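Peer 1: data.csv is the file, holding CSV, C-alpha atoms:
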```csv
chain,number,residue,atom,x,y,z
W,1,MET,CA,14.4,26.1,-6.8
W,2,ASN,CA,13.8,25.7,-10.6
W,3,ASP,CA,16.7,23.2,-11.2
W,4,SER,CA,16.4,21.0,-14.2
W,5,ALA,CA,15.3,17.4,-13.8
W,6,PHE,CA,15.1,14.4,-16.0
W,7,LEU,CA,13.0,11.3,-15.9
W,8,ALA,CA,14.4,8.4,-18.0
W,9,LEU,CA,12.8,5.1,-18.7
W,10,SER,CA,14.5,1.8,-19.5
W,11,ASP,CA,13.0,1.9,-23.0
W,12,GLY,CA,15.0,5.0,-23.8
W,13,SER,CA,12.2,7.6,-23.3
W,14,ILE,CA,13.3,10.9,-21.7
W,15,PHE,CA,11.1,13.4,-20.0
W,16,LEU,CA,12.5,16.9,-19.2
W,17,GLY,CA,11.0,18.7,-16.2
W,18,THR,CA,11.6,20.8,-13.1
W,19,SER,CA,12.9,19.6,-9.8
W,20,ILE,CA,10.5,20.3,-6.9
W,21,GLY,CA,12.1,18.1,-4.3
W,22,ALA,CA,15.5,16.8,-3.1
W,23,SER,CA,18.6,16.8,-5.4
W,24,GLY,CA,20.0,13.4,-6.5
W,25,LEU,CA,19.4,10.4,-8.6
W,26,GLN,CA,16.9,7.6,-7.7
W,27,SER,CA,15.8,4.6,-9.7
W,28,GLY,CA,12.8,2.3,-9.4
W,29,GLU,CA,9.8,0.8,-11.1
W,30,VAL,CA,7.6,3.6,-12.7
W,31,VAL,CA,3.9,3.3,-12.0
W,32,PHE,CA,0.9,5.6,-12.4
W,33,ASN,CA,-1.7,6.4,-9.7
W,34,THR,CA,-5.2,7.7,-10.8
W,35,SER,CA,-6.2,9.1,-7.4
W,36,MET,CA,-7.4,12.7,-7.3
W,37,SER,CA,-6.5,13.3,-3.7
W,38,GLY,CA,-4.3,11.8,-1.0
W,39,TYR,CA,-0.8,12.4,-2.4
W,40,GLN,CA,0.7,12.6,1.2
W,41,GLU,CA,-0.8,9.2,2.0
W,42,ILE,CA,0.8,7.8,-1.2
W,43,LEU,CA,4.2,9.4,-0.4
W,44,SER,CA,4.1,7.8,3.1
W,45,ASP,CA,2.7,4.4,2.1
W,46,PRO,CA,5.5,1.8,2.6
W,47,SER,CA,4.0,-0.3,-0.2
W,48,TYR,CA,5.6,2.2,-2.7
W,49,ALA,CA,9.2,1.3,-1.8
W,50,ARG,CA,11.4,1.2,-4.9
W,51,GLN,CA,8.8,2.8,-7.0
W,52,LEU,CA,8.6,6.1,-8.9
W,53,VAL,CA,5.0,7.2,-8.8
W,54,ALA,CA,3.4,9.3,-11.5
W,55,LEU,CA,0.2,11.0,-10.4
W,56,THR,CA,-2.4,11.3,-13.3
W,57,TYR,CA,-4.3,14.1,-11.6
W,58,PRO,CA,-2.7,17.3,-13.0
W,59,HIS,CA,-2.6,19.7,-10.0
W,60,ILE,CA,-0.7,18.5,-7.0
W,61,GLY,CA,0.4,20.3,-3.8
W,62,ASN,CA,-2.7,22.5,-3.0
W,63,THR,CA,-3.4,20.7,0.3
W,64,GLY,CA,0.1,20.8,1.6
W,65,THR,CA,1.1,18.2,4.1
W,66,ASN,CA,0.6,17.6,7.9
W,67,PRO,CA,1.8,15.0,10.5
W,68,LEU,CA,-1.8,13.6,11.1
W,69,ASP,CA,-2.1,12.2,7.6
W,70,MET,CA,1.2,10.2,7.6
W,71,GLU,CA,0.7,6.5,6.9
W,72,SER,CA,4.1,5.6,8.3
W,73,GLU,CA,7.0,7.1,10.2
W,74,LYS,CA,8.8,8.0,7.0
W,75,SER,CA,8.6,7.9,3.2
W,76,ASN,CA,9.9,4.9,1.4
W,77,ILE,CA,8.9,6.1,-2.1
W,78,SER,CA,11.8,6.4,-4.6
W,79,GLY,CA,10.4,9.4,-6.4
W,80,LEU,CA,7.4,11.5,-7.4
W,81,ILE,CA,6.3,12.5,-11.0
W,82,ILE,CA,3.6,15.2,-11.5
W,83,ARG,CA,2.3,17.6,-14.1
W,84,ASN,CA,1.7,20.9,-12.3
W,85,TYR,CA,2.9,21.9,-8.8
W,86,SER,CA,0.3,24.0,-6.9
W,87,GLU,CA,1.0,26.2,-3.9
W,88,THR,CA,-0.6,25.3,-0.6
W,89,SER,CA,-4.1,26.6,0.3
W,90,ASN,CA,-5.6,24.4,3.0
W,91,TRP,CA,-6.4,24.9,6.7
W,92,ARG,CA,-4.8,21.7,7.8
W,93,SER,CA,-1.5,22.3,6.1
W,94,VAL,CA,1.6,22.4,8.3
W,95,CYS,CA,4.2,22.1,5.6
W,96,SER,CA,4.2,22.6,1.8
W,97,LEU,CA,4.6,19.6,-0.4
W,98,ARG,CA,7.9,21.1,-1.8
W,99,ASP,CA,9.4,21.4,1.7
W,100,PHE,CA,8.1,17.9,2.6
W,101,LEU,CA,9.9,16.4,-0.3
W,102,VAL,CA,13.1,18.1,0.5
W,103,GLN,CA,12.9,17.3,4.2
W,104,ASN,CA,12.2,13.6,3.4
W,105,ASP,CA,15.0,13.4,0.7
W,106,ILE,CA,12.5,12.6,-2.0
W,107,VAL,CA,13.4,13.4,-5.6
W,108,ALA,CA,10.5,14.8,-7.6
W,109,ILE,CA,9.9,16.1,-11.1
W,110,ALA,CA,7.2,18.5,-12.2
W,111,ASN,CA,6.1,19.8,-15.6
W,112,VAL,CA,6.0,16.2,-17.0
W,113,ASP,CA,3.5,15.2,-19.7
W,114,THR,CA,1.9,12.6,-17.4
W,115,ARG,CA,-0.7,11.7,-20.0
W,116,ARG,CA,2.0,10.6,-22.5
W,117,LEU,CA,3.8,8.8,-19.7
W,118,THR,CA,0.6,7.0,-18.6
W,119,ARG,CA,-0.2,5.9,-22.1
W,120,LEU,CA,3.3,4.6,-22.6
W,121,LEU,CA,3.1,2.5,-19.3
W,122,ARG,CA,-0.4,1.2,-20.3
W,123,THR,CA,1.0,0.1,-23.6
W,124,LYS,CA,4.4,-1.3,-22.6
W,125,GLY,CA,3.7,-2.2,-19.0
W,126,SER,CA,5.6,-1.1,-15.9
W,127,LEU,CA,9.1,0.1,-16.8
W,128,SER,CA,12.2,0.7,-14.8
W,129,GLY,CA,13.1,4.4,-14.6
W,130,ALA,CA,15.2,7.0,-12.8
W,131,ILE,CA,14.8,10.6,-11.8
W,132,SER,CA,17.9,12.9,-11.9
W,133,CYS,CA,17.3,16.3,-10.1
W,134,GLY,CA,19.3,19.3,-9.1
W,135,HIS,CA,22.3,21.3,-10.4
W,136,ASP,CA,24.0,18.0,-11.5
W,137,ALA,CA,21.0,16.6,-13.2
W,138,SER,CA,21.9,14.4,-16.2
W,139,ARG,CA,19.8,12.6,-18.7
W,140,GLU,CA,22.7,10.2,-19.4
W,141,LEU,CA,23.1,9.2,-15.7
W,142,ALA,CA,19.3,8.9,-15.4
W,143,LEU,CA,19.1,6.6,-18.4
W,144,GLU,CA,22.0,4.5,-17.1
W,145,ALA,CA,20.3,4.1,-13.7
W,146,ALA,CA,16.9,3.3,-15.3
W,147,ARG,CA,18.4,0.5,-17.3
W,148,GLY,CA,20.3,-0.7,-14.3
W,149,PHE,CA,17.2,-1.3,-12.2
W,150,GLU,CA,16.1,-4.9,-12.7
W,151,GLY,CA,12.5,-4.5,-11.4
W,152,LEU,CA,10.6,-5.7,-8.4
W,153,GLU,CA,10.3,-9.4,-9.2
W,154,GLY,CA,12.3,-11.5,-6.7
W,155,LEU,CA,12.8,-8.5,-4.3
W,156,ASP,CA,11.9,-9.0,-0.6
W,157,LEU,CA,11.2,-5.4,0.4
W,158,ALA,CA,9.0,-6.2,3.5
W,159,LYS,CA,12.1,-6.7,5.6
W,160,GLN,CA,13.4,-3.3,4.5
W,161,VAL,CA,10.3,-1.4,5.6
W,162,THR,CA,9.2,-3.4,8.6
W,163,CYS,CA,9.5,-2.2,12.2
W,164,GLU,CA,12.7,-3.2,14.2
W,165,ALA,CA,10.8,-4.4,17.3
W,166,PRO,CA,7.2,-5.1,18.4
W,167,TYR,CA,5.2,-2.1,19.6
W,168,ALA,CA,1.6,-1.3,20.7
W,169,TRP,CA,-0.7,0.8,18.6
W,170,LYS,CA,-3.5,2.7,20.3
W,171,GLU,CA,-4.5,5.5,17.9
W,172,GLY,CA,-7.9,5.6,16.3
W,173,ILE,CA,-9.2,7.3,13.2
W,174,TRP,CA,-9.1,11.1,12.6
W,175,SER,CA,-12.0,13.3,13.6
W,176,LEU,CA,-13.0,16.5,11.8
W,177,SER,CA,-14.4,18.1,15.0
W,178,THR,CA,-11.1,17.9,16.8
W,179,ASN,CA,-8.6,17.6,13.8
W,180,ASP,CA,-7.0,14.8,15.7
W,181,HIS,CA,-7.1,11.1,16.1
W,182,SER,CA,-9.6,9.5,18.5
W,183,GLU,CA,-8.6,7.9,21.8
W,184,LEU,CA,-8.4,4.1,22.3
W,185,PRO,CA,-11.9,2.7,23.1
W,186,LYS,CA,-12.2,-0.2,25.5
W,187,SER,CA,-10.4,-3.2,24.0
W,188,LYS,CA,-12.4,-6.4,23.3
W,189,PHE,CA,-9.9,-8.3,21.1
W,190,ARG,CA,-6.2,-8.9,21.1
W,191,VAL,CA,-4.7,-8.7,17.6
W,192,VAL,CA,-1.2,-9.3,16.5
W,193,ALA,CA,-0.5,-7.3,13.3
W,194,TYR,CA,2.4,-8.4,11.0
W,195,ASP,CA,4.2,-5.3,9.7
W,196,PHE,CA,5.1,-6.0,6.1
W,197,GLY,CA,4.8,-2.2,5.4
W,198,VAL,CA,1.6,-1.5,7.3
W,199,LYS,CA,-0.5,1.6,6.7
W,200,ARG,CA,-1.5,3.4,9.9
W,201,ASN,CA,-5.1,3.9,8.9
W,202,ILE,CA,-5.5,0.1,8.9
W,203,LEU,CA,-4.4,0.0,12.5
W,204,ARG,CA,-6.7,2.9,13.4
W,205,LEU,CA,-9.8,1.2,12.0
W,206,LEU,CA,-9.0,-1.9,14.0
W,207,VAL,CA,-8.6,0.1,17.1
W,208,ASP,CA,-11.9,1.8,16.5
W,209,ARG,CA,-13.5,-1.7,16.5
W,210,GLY,CA,-12.2,-2.5,19.9
W,211,CYS,CA,-8.9,-4.2,19.0
W,212,GLU,CA,-5.8,-4.0,21.2
W,213,ILE,CA,-3.0,-4.0,18.6
W,214,GLU,CA,0.6,-5.3,18.9
W,215,VAL,CA,2.6,-4.7,15.7
W,216,VAL,CA,5.4,-7.2,15.1
W,217,PRO,CA,8.3,-7.4,12.6
W,218,ALA,CA,7.8,-9.2,9.2
W,219,ASP,CA,10.1,-12.1,10.2
W,220,THR,CA,8.3,-12.9,13.5
W,221,THR,CA,7.8,-16.7,13.6
W,222,ALA,CA,4.5,-18.5,13.9
W,223,LYS,CA,5.6,-19.9,17.3
W,224,GLU,CA,6.1,-16.4,18.7
W,225,ILE,CA,2.7,-15.4,17.4
W,226,ILE,CA,0.8,-18.4,18.7
W,227,GLU,CA,2.5,-18.1,22.1
W,228,ARG,CA,0.9,-14.6,22.5
W,229,GLN,CA,-2.5,-16.3,22.3
W,230,PRO,CA,-4.1,-13.5,20.2
W,231,ASP,CA,-7.8,-13.4,19.3
W,232,GLY,CA,-6.7,-12.6,15.7
W,233,VAL,CA,-3.8,-12.1,13.4
W,234,PHE,CA,-3.6,-9.3,10.8
W,235,LEU,CA,-1.3,-9.6,7.7
W,236,SER,CA,-0.5,-6.1,6.4
W,237,ASN,CA,0.1,-4.5,3.1
W,238,GLY,CA,3.7,-4.0,1.9
W,239,PRO,CA,6.0,-3.7,-1.1
W,240,GLY,CA,7.9,-6.2,-3.3
W,241,ASP,CA,7.4,-9.7,-4.5
W,242,PRO,CA,5.3,-11.9,-2.2
W,243,LYS,CA,7.1,-15.0,-3.4
W,244,ALA,CA,10.4,-13.6,-2.0
W,245,CYS,CA,8.9,-13.6,1.6
W,246,ASN,CA,9.5,-17.3,2.3
W,247,TYR,CA,9.8,-16.8,6.0
W,248,ALA,CA,6.3,-15.1,6.1
W,249,ILE,CA,4.7,-17.7,3.9
W,250,GLU,CA,5.8,-20.5,6.2
W,251,ALA,CA,4.7,-18.6,9.3
W,252,VAL,CA,1.3,-17.8,7.9
W,253,ARG,CA,0.8,-21.5,6.9
W,254,GLU,CA,1.3,-22.5,10.5
W,255,ILE,CA,-0.9,-19.7,11.8
W,256,ILE,CA,-3.7,-20.8,9.4
W,257,ASP,CA,-3.3,-24.4,10.6
W,258,SER,CA,-3.6,-23.3,14.2
W,259,GLY,CA,-7.2,-22.0,13.5
W,260,ILE,CA,-6.5,-18.4,14.7
W,261,PRO,CA,-8.8,-16.0,12.8
W,262,SER,CA,-6.7,-14.1,10.2
W,263,PHE,CA,-7.2,-11.3,7.8
W,264,GLY,CA,-4.7,-10.2,5.1
W,265,ILE,CA,-4.6,-7.0,2.9
W,266,CYS,CA,-2.6,-6.5,-0.3
W,267,LEU,CA,0.8,-8.2,0.3
W,268,GLY,CA,-0.6,-9.9,3.3
W,269,TYR,CA,-3.4,-11.3,1.2
W,270,GLN,CA,-0.9,-12.6,-1.4
W,271,ILE,CA,1.2,-14.2,1.3
W,272,LEU,CA,-1.9,-15.8,2.7
W,273,ALA,CA,-2.8,-17.2,-0.7
W,274,LEU,CA,0.7,-18.5,-1.3
W,275,ALA,CA,0.7,-20.2,2.2
W,276,CYS,CA,-2.4,-22.1,1.1
W,277,GLY,CA,-0.8,-23.3,-2.2
W,278,ALA,CA,-1.9,-20.7,-4.7
W,279,GLN,CA,0.4,-18.8,-7.1
W,280,THR,CA,1.1,-15.1,-7.7
W,281,THR,CA,2.1,-13.3,-10.9
W,282,LYS,CA,3.6,-10.0,-11.9
W,283,MET,CA,1.0,-7.7,-13.5
W,284,LYS,CA,1.5,-5.7,-16.7
W,285,PHE,CA,1.2,-2.3,-15.0
W,286,GLY,CA,-0.6,-3.1,-11.7
W,287,HIS,CA,-3.5,-1.3,-10.0
W,288,HIS,CA,-2.8,2.0,-8.4
W,289,GLY,CA,-5.6,4.4,-7.6
W,290,ALA,CA,-8.7,5.2,-5.5
W,291,ASN,CA,-11.4,4.5,-8.1
W,292,HIS,CA,-11.3,0.8,-8.9
W,293,PRO,CA,-14.6,-1.1,-9.1
W,294,VAL,CA,-14.6,-4.5,-7.5
W,295,LYS,CA,-17.5,-7.0,-7.4
W,296,ASP,CA,-18.3,-8.8,-4.2
W,297,LEU,CA,-19.0,-12.3,-5.6
W,298,GLN,CA,-20.9,-13.4,-2.5
W,299,GLN,CA,-23.4,-10.5,-2.3
W,300,GLY,CA,-23.4,-9.4,-6.0
W,301,LYS,CA,-22.5,-5.8,-5.1
W,302,VAL,CA,-20.1,-3.5,-6.9
W,303,LEU,CA,-17.7,-1.5,-4.6
W,304,ILE,CA,-15.4,1.3,-5.4
W,305,THR,CA,-12.0,0.6,-3.8
W,306,SER,CA,-8.5,1.9,-3.3
W,307,GLN,CA,-5.7,-0.2,-5.0
W,308,ASN,CA,-1.9,-0.4,-4.9
W,309,HIS,CA,-0.3,-3.5,-6.1
W,310,GLY,CA,1.9,-4.8,-9.0
W,311,PHE,CA,1.4,-8.6,-8.2
W,312,SER,CA,-1.8,-10.6,-8.2
W,313,VAL,CA,-3.0,-14.0,-7.1
W,314,ASP,CA,-3.7,-16.3,-10.0
W,315,GLU,CA,-7.3,-17.4,-9.6
W,316,ALA,CA,-6.7,-20.5,-11.8
W,317,SER,CA,-4.2,-21.7,-9.2
W,318,LEU,CA,-6.5,-21.5,-6.2
W,319,PRO,CA,-6.4,-24.7,-4.1
W,320,ASP,CA,-9.7,-26.4,-3.0
W,321,ALA,CA,-9.2,-24.8,0.4
W,322,LEU,CA,-9.7,-21.3,-1.0
W,323,SER,CA,-12.8,-19.8,-2.6
W,324,PRO,CA,-12.8,-16.5,-4.5
W,325,THR,CA,-14.8,-13.6,-2.9
W,326,HIS,CA,-14.0,-10.5,-5.0
W,327,ARG,CA,-13.0,-9.7,-8.6
W,328,SER,CA,-11.8,-6.6,-10.3
W,329,LEU,CA,-14.2,-5.1,-12.9
W,330,PHE,CA,-11.3,-3.4,-14.7
W,331,ASP,CA,-9.4,-6.6,-15.7
W,332,GLY,CA,-11.1,-9.5,-14.1
W,333,THR,CA,-8.2,-10.2,-11.7
W,334,LEU,CA,-8.9,-11.9,-8.4
W,335,GLN,CA,-9.4,-9.5,-5.5
W,336,GLY,CA,-10.2,-11.7,-2.5
W,337,VAL,CA,-10.3,-15.2,-1.1
W,338,GLU,CA,-11.7,-17.0,1.9
W,339,HIS,CA,-10.7,-20.2,3.5
W,340,ARG,CA,-13.4,-22.9,3.3
W,341,GLU,CA,-12.5,-24.5,6.7
W,342,GLN,CA,-10.6,-21.9,8.8
W,343,PRO,CA,-11.7,-18.3,9.8
W,344,VAL,CA,-9.2,-16.8,7.3
W,345,PHE,CA,-9.7,-14.4,4.5
W,346,GLY,CA,-7.9,-11.7,2.5
W,347,PHE,CA,-8.5,-8.8,0.1
W,348,GLN,CA,-6.2,-7.5,-2.6
W,349,GLY,CA,-7.2,-3.8,-2.4
W,350,HIS,CA,-7.0,-1.4,0.5
W,351,PRO,CA,-10.3,-1.4,2.5
W,352,GLU,CA,-8.9,1.3,4.9
W,353,GLY,CA,-9.3,3.7,2.0
W,354,SER,CA,-7.0,6.5,3.3
W,355,PRO,CA,-8.2,9.0,2.2
W,356,GLY,CA,-10.9,7.1,0.4
W,357,PRO,CA,-13.1,5.5,-0.8
W,358,HIS,CA,-14.7,3.7,2.2
W,359,ASP,CA,-17.1,1.3,0.5
W,360,ILE,CA,-15.3,-1.8,1.8
W,361,HIS,CA,-14.8,-0.9,5.4
W,362,GLY,CA,-17.0,-3.9,6.2
W,363,LEU,CA,-14.1,-6.3,5.9
W,364,PHE,CA,-12.8,-5.0,9.2
W,365,ASP,CA,-16.2,-5.8,10.7
W,366,LYS,CA,-16.0,-9.3,9.2
W,367,PHE,CA,-12.6,-9.8,10.9
W,368,VAL,CA,-14.0,-8.7,14.2
W,369,SER,CA,-17.0,-11.0,13.8
W,370,SER,CA,-14.7,-13.9,13.1
W,371,MET,CA,-12.8,-13.3,16.3
W,372,LYS,CA,-16.0,-13.0,18.2
W,373,ALA,CA,-17.3,-16.2,16.8
W,374,ASP,CA,-14.1,-18.0,17.6
W,375,ILE,CA,-14.1,-16.8,21.2
W,376,THR,CA,-17.7,-17.8,21.6
W,377,SER,CA,-17.2,-21.3,20.2
W,378,GLY,CA,-14.0,-21.8,22.2
```
Would you mind writing the file out in structure tokens?
Peer 2:
Amino acid sequence: MNDSAFLALSDGSIFLGTSIGASGLQSGEVVFNTSMSGYQEILSDPSYARQLVALTYPHIGNTGTNPLDMESEKSNISGLIIRNYSETSNWRSVCSLRDFLVQNDIVAIANVDTRRLTRLLRTKGSLSGAISCGHDASRELALEAARGFEGLEGLDLAKQVTCEAPYAWKEGIWSLSTNDHSELPKSKFRVVAYDFGVKRNILRLLVDRGCEIEVVPADTTAKEIIERQPDGVFLSNGPGDPKACNYAIEAVREIIDSGIPSFGICLGYQILALACGAQTTKMKFGHHGANHPVKDLQQGKVLITSQNHGFSVDEASLPDALSPTHRSLFDGTLQGVEHREQPVFGFQGHPEGSPGPHDIHGLFDKFVSSMKADITSG
């Protein structure tokens, strides 16, 4: 189990470590995540497709893994980078992290100086990289693969991680008392949710607020959505370059014009902004973590949020139809917008906060209120 492993970066940097996952060679964009918990949620978040994720918290593995905390059906992450691997010691654990990585065919490297790696990424920006693990691990092959990965700009990854067909979602949030997910409450609102790489906890929070959810593939047309006559449309998170999702941008533009209350998170928020005429840009090293302060510009409050994105909406490009609602206190980048004429808004971070924080859950209540107001006025 102690096979050698190499992490190579496109700038020529090489990190020697130990393989704790599947054998093989995987390339992607290397990013760092500052969360202190929730590594299983990170591993199962479709937004991490084609990324090698370095966790800055030094001890990973002690809570094991379990089916209840999965954020999607399978893992789409390209690889995991950690400092120290810890053995499982948690009452909810069903499977060790090591076994989870092997079963899900995820390459992973431990005993890496993640402080050095993080400093390097903060200085140079996100770099392409590759992990080579197992008996055939090779620094030369890793370096070649790292330099061969051209980055995430221009990549439409939403179509790669989306569902194949529409499906109903009825599961609510997890309960400590039962160690299970709650049952579906009585539905008050019909919501169609675009799956650009949706996290399950987003759907659970909508269910808990009385929403009957139908999840649809990323390339579903506006006509198909409008014909369903939903009370609201949700635009999910997801991986890749939002500009590459032309089909989604066009569909969302039509949905906004129809007046249906709509709410976008992360990639869905970026697509919403593009549909309204704004522009997006690639960030230096993105935001990845569960400790990011964001200011609510309307209420003047500071909220701690979960973040995972490498692209941002350029606030200077906002059209007159959109007003800014949230801003990052780390780097001043735009974190939210609201349409001035339609019941439409979006947020860059992850208000579902799985596993946390939960400061900005109120955005789900805002979405429900917008549907309620639309039904009352209609």
Peer 1: Under the rule of at most 8 Å, produce a per-residue listing of region 148-255 of chain W near region 28-34 of chain W: chain, number, name, the closest pair of atoms, and the distance in Å, as a Markdown table, using only C-alpha atoms.
Peer 2:
```
| residue | atom | partner | partner_atom | distance |
| --- | --- | --- | --- | --- |
| W:Phe149 | CA | W:Gly28 | CA | 6.3 |
| W:Gly151 | CA | W:Glu29 | CA | 6.0 |
| W:Leu152 | CA | W:Glu29 | CA | 7.1 |
```
Peer 1: Give me, as CSV, the closest atom pair and its distance (Å, one decimal) for every residue of region 43-149 of chain W within a cut-off of 12 Å of region 285-293 of chain W, counting all atoms listed in the file, rows sorted by chain and rising number.
Peer 2:
```
residue,atom,partner,partner_atom,distance
W:Ser47,CA,W:His288,CA,10.9
W:Tyr48,CA,W:His288,CA,10.2
W:Gln51,CA,W:His288,CA,11.7
W:Val53,CA,W:His288,CA,9.4
W:Ala54,CA,W:His288,CA,10.1
W:Leu55,CA,W:Gly289,CA,9.2
W:Thr56,CA,W:Gly289,CA,9.5
W:Tyr57,CA,W:Gly289,CA,10.6
W:Thr118,CA,W:Phe285,CA,10.0
W:Arg119,CA,W:Phe285,CA,10.9
W:Leu120,CA,W:Phe285,CA,10.5
W:Leu121,CA,W:Phe285,CA,6.7
W:Arg122,CA,W:Phe285,CA,6.5
W:Thr123,CA,W:Phe285,CA,8.9
W:Lys124,CA,W:Phe285,CA,8.3
W:Gly125,CA,W:Phe285,CA,4.7
W:Ser126,CA,W:Phe285,CA,4.6
W:Leu127,CA,W:Phe285,CA,8.5
W:Ser128,CA,W:Phe285,CA,11.4
```
Peer 1: Could you name the residues that touch Thr281 (chain W) at 7 Å or less, counting all atoms listed in the file, but leaving out those on the same chain fewer than 4 positions away, as a PyMOL selection string?
Peer 2: chain W and resi 311-314
Peer 1: Using only C-alpha atoms, which of the listed residues (W:Val94, W:Leu143, W:Ile202, W:Ile14) sits closest to Asp113 (chain W)?
Peer 2: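 Once distances to Asp113 (chain W) are computed over only C-alpha atoms, the minimum belongs to W:Ile14.
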Peer 1: Of the candidates W:Asp219, W:Asp208, W:Glu73, W:Glu338, which one gets nearest to Asp365 (chain W) if we count all atoms listed in the file?
Peer 2: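 Among the listed residues, W:Asp208 lies closest to Asp365 (chain W).
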Peer 1: With only C-alpha atoms as the counted atoms, please give the residues lying no more than 9 Å from Ser37 (chain W), apart from itself and same-chain residues fewer than 3 positions off, as a ChimeraX atom specification.
Peer 2: /W:40,57,60,63,290,355-356
Peer 1: State, in Å with one decimal place, the distance from CA of Gln342 (chain W) to CA of Leu206 (chain W).
Peer 2: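 Answer for the CA of Gln342 (chain W) to CA of Leu206 (chain W) separation: 20.7 Å.
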Peer 1: Find the residues around Ile249 (chain W) up to 7 Å (all atoms listed in the file counted), leave out those fewer than 6 positions away in its own chain, and share them as a PyMOL selection string.
Peer 2: chain W and resi 271-272+274-275
Peer 1: Using all atoms listed in the file, which protein or nucleic acid residues come within 7 Å of Ile82 (chain W)? Drop anything in the same chain fewer than 5 positions from it, and give the result as a ChimeraX atom specification.
Peer 2: /W:54-55,58,109-112,114
Peer 1: Grab the CA of Gly24 (chain W) to CA of Gly134 (chain W) distance for me, in Å with one decimal place.
Peer 2: 6.5 Å
Peer 1: If we draw a sphere of 7 Å around (-4.9, -4.8, 23.0), which residues have at least one atom in it when counting all atoms listed in the file? Please report them as a PDB file with C-alpha atoms, in the frame of the given file.
Peer 2:
```pdb
ATOM      1  CA  SER W 187     -10.400  -3.200  24.000  1.00  0.00           C
ATOM      2  CA  PHE W 189      -9.900  -8.300  21.100  1.00  0.00           C
ATOM      3  CA  ARG W 190      -6.200  -8.900  21.100  1.00  0.00           C
ATOM      4  CA  VAL W 191      -4.700  -8.700  17.600  1.00  0.00           C
ATOM      5  CA  CYS W 211      -8.900  -4.200  19.000  1.00  0.00           C
ATOM      6  CA  GLU W 212      -5.800  -4.000  21.200  1.00  0.00           C
ATOM      7  CA  ILE W 213      -3.000  -4.000  18.600  1.00  0.00           C
ATOM      8  CA  GLU W 214       0.600  -5.300  18.900  1.00  0.00           C
TER       9      GLU W 214
END
```
Peer 1: Between CA of Asp241 (chain W) and CA of Ser258 (chain W), what is the distance, to one decimal in Å?
Peer 2: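 A separation of 25.6 Å between them.
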